[in-house]
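Down below is the structure, laid out as structure tokens.
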Amino acid sequence: MRLARLQGMDTLISPPRAGRFEAALQKIFTRSARVQDIEPIGEGFRLLTLDGDALRNLDWTPGDKIQVMLGGWVQRTYTPISWDAEAGSTRILVYLHGDTPGTQWVRALRLGDSCAFFGPRKSIRLAPAASPVILFGDETSLGLGAALSAQATTYMLFESAKRADTEAVMHRLRLPNASVESDPHALQAAMAALLQAHPDADIVLTGKAGAIQQMSRLLHQHGTAAKRRQSKAYWAPGKTGLD
Ligand SMILES: Cc1cc2nc3c(=O)[nH]c(=O)nc-3n(C[C@H](O)[C@H](O)[C@H](O)COP(=O)(O)OP(=O)(O)OC[C@H]3O[C@@H](n4cnc5c(N)ncnc54)[C@H](O)[C@@H]3O)c2cc1C
């Protein structure tokens with residue numbers, strides 16, 4: 001059913017291919033995985049399960065990133081939602097925001113395809129005893145929310161113009177304590193309320209660079225200590241493969 005739906009939607013797009021030299025280097029420096037499952041969540045998201053021996057017996061910490069090789073020396077960064085180091089499998093949620101390399105790659109994927117990536121590598125790291133945590137982000141941060149909430153009590157606030165689509169992901173990933181807003185004023189008010197309700201929380205800001213800047217100003221006004229905040233821009237208008 002899933003595959004049939006994907007095949008129906010995506011047959012016109014061809015993926016970039018890794019040339020011989022690139023493929024040889026990938027073999028040495030990257031982990032190789034197999035696409036074990038592709039689950040569309042609405043039109044805008046794909047939940048991918050990757051598995052393979054190279055995913056076994058390694059250290060992964062919630063918030064780590066992987067950098068997927070899309071072919072043609074192009075790589076894009078995603079956040080594992082979970083990692084089963086015994087079974088050798090991980091899941092990532094990809095947001096299909098436009099006709100871009102990342103979107104084309106995921107639309108062209110088929111079950112059983114192979115995929116190469118670097119990592120997992122450190123990106124966002126919570127302090128070992130951090131709790132609670134307030135996470136601000138957007139569609140690209142939903143996977144991070146799922147990962148962090150497995151480690152600490154996490155209150156999540158997502159900015160999204162397509163609220164229903166984002167809510168569908170929140171529901172599918174069973175994200176606790178998560179809300180979504182599209183209006184900038186409502187976002188600021190929701191963040192102010194979270195800061196007031198959880199004055200000891202560690203703060204994580206991710207997603208669009210400009211939105212992070214705005215939220216940083218709000219945190220500054222609230223006197224949130226710099227050592228309790230961390231931020232990572234996941235994308236910025238006009239920039240590609242920001243990492
Ligand atoms: C550490 C880290 C972890 C990340 N984790 C995830 C993840 O788990 N899931 C996920 O989906 N993304 C994640 N991202 C974001 C993702 O890597 C970027 O959105 C990336 O740009 C996607 O590649 P692309 O080929 O689709 O677009 P690109 O070719 O990189 O970008 C083309 C243009 O599209 C626009 N653009 C890029 N991203 C977006 C967006 N989200 N919304 C609207 N416009 C956009 C920009 O104007 C950009 O110039 C992460 C990024 C980082 C740095």
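Going by the structure tokens order, chains are called A, B, ..., each with residues numbered from 1, while ligands are numbered from 1 in the order shown.
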At most 9 Å from ligand 1 (only C-alpha atoms and all ligand atoms): residue list as a short mmCIF file (atom, residue, chain, number, x, y, z; two decimals) with N, CA and C atoms, in the first residue's frame:
```cif
data_model
loop_
_atom_site.label_atom_id
_atom_site.label_comp_id
_atom_site.auth_asym_id
_atom_site.auth_seq_id
_atom_site.Cartn_x
_atom_site.Cartn_y
_atom_site.Cartn_z
N PHE A 45 5.68 14.85 4.35
CA PHE A 45 6.71 14.18 5.16
C PHE A 45 6.87 12.72 4.76
N ARG A 46 8.10 12.21 4.92
CA ARG A 46 8.35 10.78 4.77
C ARG A 46 9.13 10.31 6.01
N GLY A 63 19.68 13.77 19.40
CA GLY A 63 20.14 15.09 18.96
C GLY A 63 21.27 15.00 17.95
N ASP A 64 21.90 13.82 17.84
CA ASP A 64 22.94 13.63 16.82
C ASP A 64 22.35 13.74 15.43
N LYS A 65 23.22 13.99 14.45
CA LYS A 65 22.78 14.12 13.05
C LYS A 65 23.44 13.05 12.20
N ILE A 66 22.83 12.80 11.04
CA ILE A 66 23.54 12.04 9.99
C ILE A 66 23.54 12.88 8.72
N GLN A 67 24.57 12.70 7.92
CA GLN A 67 24.67 13.43 6.65
C GLN A 67 24.58 12.41 5.52
N VAL A 74 26.45 15.42 -3.45
CA VAL A 74 25.51 16.26 -2.68
C VAL A 74 25.16 15.53 -1.38
N GLN A 75 25.22 16.25 -0.28
CA GLN A 75 24.79 15.64 0.98
C GLN A 75 23.82 16.54 1.72
N ARG A 76 22.92 15.94 2.46
CA ARG A 76 21.94 16.69 3.25
C ARG A 76 21.87 16.08 4.64
N THR A 77 21.54 16.92 5.61
CA THR A 77 21.60 16.51 7.01
C THR A 77 20.22 16.22 7.59
N TYR A 78 20.11 15.14 8.32
CA TYR A 78 18.84 14.77 8.98
C TYR A 78 19.14 14.27 10.40
N THR A 79 18.07 14.20 11.20
CA THR A 79 18.21 13.86 12.61
C THR A 79 17.57 12.51 12.92
N PRO A 80 18.34 11.53 13.30
CA PRO A 80 17.71 10.25 13.69
C PRO A 80 16.72 10.45 14.84
N ILE A 81 15.56 9.85 14.68
CA ILE A 81 14.52 9.90 15.72
C ILE A 81 14.85 8.89 16.81
N ILE A 92 14.51 8.33 10.27
CA ILE A 92 14.59 9.78 10.10
C ILE A 92 13.28 10.27 9.48
N LEU A 93 12.94 11.52 9.79
CA LEU A 93 11.76 12.14 9.21
C LEU A 93 12.22 13.23 8.26
N VAL A 94 11.86 13.12 7.00
CA VAL A 94 12.29 14.11 6.00
C VAL A 94 11.10 14.99 5.63
N TYR A 95 11.32 16.30 5.69
CA TYR A 95 10.29 17.28 5.30
C TYR A 95 10.48 17.62 3.82
N LEU A 96 9.41 17.44 3.05
CA LEU A 96 9.48 17.68 1.59
C LEU A 96 8.97 19.11 1.33
N HIS A 97 9.88 20.06 1.39
CA HIS A 97 9.44 21.46 1.35
C HIS A 97 9.42 22.06 -0.04
N GLY A 98 10.07 21.40 -1.03
CA GLY A 98 10.12 22.01 -2.37
C GLY A 98 10.78 21.05 -3.34
N ASP A 99 11.04 21.52 -4.54
CA ASP A 99 11.67 20.65 -5.54
C ASP A 99 13.19 20.75 -5.41
N THR A 100 13.70 20.16 -4.35
CA THR A 100 15.11 20.31 -3.97
C THR A 100 15.79 18.93 -3.98
N PRO A 101 17.12 18.88 -3.90
CA PRO A 101 17.78 17.58 -3.91
C PRO A 101 17.28 16.63 -2.83
N GLY A 102 17.08 17.15 -1.61
CA GLY A 102 16.61 16.28 -0.52
C GLY A 102 15.23 15.69 -0.83
N THR A 103 14.35 16.53 -1.31
CA THR A 103 12.99 16.07 -1.65
C THR A 103 13.02 15.08 -2.81
N GLN A 104 13.81 15.39 -3.85
CA GLN A 104 13.89 14.48 -5.01
C GLN A 104 14.45 13.13 -4.60
N TRP A 105 15.46 13.18 -3.72
CA TRP A 105 16.07 11.93 -3.26
C TRP A 105 15.04 11.04 -2.59
N LYS A 122 27.80 14.44 16.49
CA LYS A 122 27.23 15.34 17.49
C LYS A 122 26.61 16.58 16.83
N SER A 123 25.42 16.96 17.29
CA SER A 123 24.82 18.23 16.87
C SER A 123 24.22 18.91 18.10
N ILE A 124 22.98 18.56 18.45
CA ILE A 124 22.40 19.05 19.70
C ILE A 124 22.66 18.01 20.78
N ASP A 138 10.81 23.92 13.71
CA ASP A 138 9.78 23.90 12.67
C ASP A 138 9.64 22.47 12.14
N GLU A 139 9.19 22.32 10.91
CA GLU A 139 8.95 20.96 10.37
C GLU A 139 10.22 20.12 10.39
N THR A 140 11.36 20.78 10.27
CA THR A 140 12.63 20.04 10.24
C THR A 140 13.06 19.56 11.63
N SER A 141 12.35 20.03 12.65
CA SER A 141 12.76 19.74 14.03
C SER A 141 11.87 18.71 14.71
N LEU A 142 10.88 18.20 13.99
CA LEU A 142 9.96 17.22 14.60
C LEU A 142 10.70 15.94 15.00
N GLY A 143 11.62 15.52 14.14
CA GLY A 143 12.41 14.32 14.44
C GLY A 143 13.27 14.53 15.68
N LEU A 144 13.86 15.73 15.78
CA LEU A 144 14.66 16.06 16.96
C LEU A 144 13.77 16.01 18.21
N THR A 206 16.01 25.41 17.13
CA THR A 206 16.46 24.83 15.86
C THR A 206 15.52 25.30 14.75
N GLY A 207 15.86 24.95 13.50
CA GLY A 207 14.98 25.27 12.37
C GLY A 207 15.53 26.41 11.53
N LYS A 208 14.65 27.33 11.16
CA LYS A 208 15.03 28.43 10.26
C LYS A 208 15.88 29.47 11.00
N LYS A 232 20.79 25.75 16.84
CA LYS A 232 21.42 25.23 15.62
C LYS A 232 20.49 25.55 14.45
N ALA A 233 20.98 26.39 13.54
CA ALA A 233 20.18 26.70 12.35
C ALA A 233 20.18 25.49 11.42
N TYR A 234 19.00 25.02 11.06
CA TYR A 234 18.87 23.86 10.18
C TYR A 234 18.76 24.28 8.72
N TRP A 235 18.29 25.48 8.47
CA TRP A 235 18.20 25.97 7.10
C TRP A 235 18.02 27.48 7.12
N ALA A 236 18.31 28.09 5.97
CA ALA A 236 18.11 29.53 5.82
C ALA A 236 17.72 29.79 4.37
N PRO A 237 16.79 30.73 4.14
CA PRO A 237 16.37 31.01 2.76
C PRO A 237 17.58 31.33 1.88
N GLY A 238 17.64 30.70 0.72
CA GLY A 238 18.70 30.99 -0.23
C GLY A 238 19.98 30.20 -0.01
N LYS A 239 20.10 29.52 1.13
CA LYS A 239 21.31 28.71 1.40
C LYS A 239 20.96 27.25 1.15
N THR A 240 21.94 26.47 0.69
CA THR A 240 21.66 25.05 0.48
C THR A 240 22.52 24.20 1.41
N GLY A 241 21.94 23.06 1.80
CA GLY A 241 22.68 22.10 2.62
C GLY A 241 23.38 22.75 3.80
N LEU A 242 22.65 23.59 4.53
CA LEU A 242 23.25 24.35 5.62
C LEU A 242 23.69 23.42 6.74
N ASP A 243 24.99 23.26 6.95
CA ASP A 243 25.46 22.51 8.10
C ASP A 243 26.95 22.71 8.29
#
```
- Task: List every residue of stretch 164-221 of chain A that DSSP, applied to the backbone of this structure, assigns to strand (DSSP E or B), and report them as an MDAnalysis selection string.
- Result: chainID A and resid 178:181 202:208
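Going from atom CA of A:Leu25 to atom CA of A:Ser82 covers 27.0 Å.
Among the candidates A:Thr90, A:Thr153, A:Thr166, A:Ser160, the one nearest to A:Gly42 when counting only C-alpha atoms is A:Thr166.
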- Using DSSP on the backbone coordinates, identify all residues within stretch 5-175 of chain A classified as helix (DSSP H, G or I); present the result as a PyMOL selection string. chain A and resi 5-10+20-29+53-55+101-108+139-149+163-172
- Task: Please provide as JSON, numbers by chain all residues within 7 Å of A:Glu159, with the sequence filter that same-chain residues fewer than 4 positions apart are discarded (counting only C-alpha atoms).
- Result: {"A": [137, 138, 180, 181, 182]}
Selection near A:Ala168, 12 Å with only C-alpha atoms, sequence-local residues under 3 positions removed, as a PDB file with C-alpha atoms, in the first residue's frame:
```
ATOM      1  CA  PRO A  40       4.399   8.934   3.907  1.00  0.00           C
ATOM      2  CA  ILE A  41       2.807  11.157   6.530  1.00  0.00           C
ATOM      3  CA  GLY A  42       0.540  13.374   4.479  1.00  0.00           C
ATOM      4  CA  GLU A  43       2.035  14.943   1.354  1.00  0.00           C
ATOM      5  CA  GLY A  44       4.806  16.781   3.161  1.00  0.00           C
ATOM      6  CA  PHE A  45       6.706  14.178   5.163  1.00  0.00           C
ATOM      7  CA  ARG A  46       8.354  10.779   4.774  1.00  0.00           C
ATOM      8  CA  GLU A 139       8.947  20.964  10.374  1.00  0.00           C
ATOM      9  CA  LEU A 142       9.961  17.224  14.598  1.00  0.00           C
ATOM     10  CA  LYS A 162       0.679  23.945   7.465  1.00  0.00           C
ATOM     11  CA  ARG A 163      -0.586  23.213  10.941  1.00  0.00           C
ATOM     12  CA  ALA A 164      -2.712  20.185  10.053  1.00  0.00           C
ATOM     13  CA  ASP A 165       0.223  18.438   8.321  1.00  0.00           C
ATOM     14  CA  HIS A 171       0.253  12.435  16.273  1.00  0.00           C
ATOM     15  CA  ARG A 172       2.133   9.723  14.318  1.00  0.00           C
ATOM     16  CA  LEU A 173       5.312  10.165  16.365  1.00  0.00           C
ATOM     17  CA  ARG A 174       3.239  10.436  19.554  1.00  0.00           C
ATOM     18  CA  LEU A 175       5.047  13.614  20.573  1.00  0.00           C
ATOM     19  CA  ALA A 178       3.908  19.468  21.622  1.00  0.00           C
ATOM     20  CA  SER A 179       2.070  22.371  20.010  1.00  0.00           C
ATOM     21  CA  VAL A 180       2.201  24.105  16.646  1.00  0.00           C
TER      22      VAL A 180
END
```
- So which residues touch A:Ser216 within 10 Å, counting only C-alpha atoms, skipping near sequence neighbours fewer than 2 positions away, as a PyMOL selection string? chain A and resi 203+205+210-214+218-222+224+226+229-231
Would you mind exporting the chosen residues as a PDB file, in the first residue's frame, restricted to C-alpha atoms?
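Just written: out.pdb:
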```pdb
ATOM      1  CA  ILE A 203      16.259  25.719  25.866  1.00  0.00           C
ATOM      2  CA  LEU A 205      16.333  26.437  19.314  1.00  0.00           C
ATOM      3  CA  GLY A 210      15.761  33.923  11.176  1.00  0.00           C
ATOM      4  CA  ALA A 211      13.196  32.338  13.501  1.00  0.00           C
ATOM      5  CA  ILE A 212      15.978  31.288  15.868  1.00  0.00           C
ATOM      6  CA  GLN A 213      17.219  34.884  15.981  1.00  0.00           C
ATOM      7  CA  GLN A 214      13.749  36.146  16.881  1.00  0.00           C
ATOM      8  CA  LEU A 218      12.695  36.850  23.373  1.00  0.00           C
ATOM      9  CA  LEU A 219      14.854  34.622  25.594  1.00  0.00           C
ATOM     10  CA  HIS A 220      17.184  37.556  26.172  1.00  0.00           C
ATOM     11  CA  GLN A 221      14.220  39.715  27.249  1.00  0.00           C
ATOM     12  CA  HIS A 222      13.188  36.965  29.663  1.00  0.00           C
ATOM     13  CA  THR A 224      17.293  33.224  30.195  1.00  0.00           C
ATOM     14  CA  ALA A 226      23.077  31.874  27.944  1.00  0.00           C
ATOM     15  CA  ARG A 229      20.425  27.786  25.711  1.00  0.00           C
ATOM     16  CA  GLN A 230      21.709  26.085  22.602  1.00  0.00           C
ATOM     17  CA  SER A 231      20.740  26.727  19.031  1.00  0.00           C
TER      18      SER A 231
END
```
- Query: Which residue out of A:Arg121, A:His198, A:Arg217, A:Arg228 has the minimum interatomic distance to A:Thr61 when only C-alpha atoms are used?
  - Reply: A:Arg121
Residues near A:Ala85, cut-off 7 Å, only C-alpha atoms, skip fewer than 5 positions along chain, as a PDB file with C-alpha atoms, in the first residue's frame:
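This went into out-v4.pdb:
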```pdb
ATOM      1  CA  LEU A  55      24.225   0.555  11.946  1.00  0.00           C
ATOM      2  CA  ARG A  56      24.928  -1.966  14.710  1.00  0.00           C
ATOM      3  CA  ASN A  57      27.058  -1.533  17.827  1.00  0.00           C
ATOM      4  CA  LEU A  58      27.614   2.182  17.683  1.00  0.00           C
TER       5      LEU A  58
END
```
- Expressed in Å to a single decimal, how great is the separation between atom CA of A:Gly71 and atom CA of A:Gly19? 7.6 Å
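Shortest atom-to-atom contact with A:Ser131 among A:Val204, A:Ala161, A:Met69, A:Ala87: A:Val204, counting only C-alpha atoms.
Note that the spacing between atom CA of A:Pro132 and atom CA of A:Leu195 amounts to 10.9 Å.
If you measure from each of A:Phe117, A:Trp83, A:Phe29, A:Phe21 to A:Leu70 using only C-alpha atoms, the closest one turns out to be A:Phe117.
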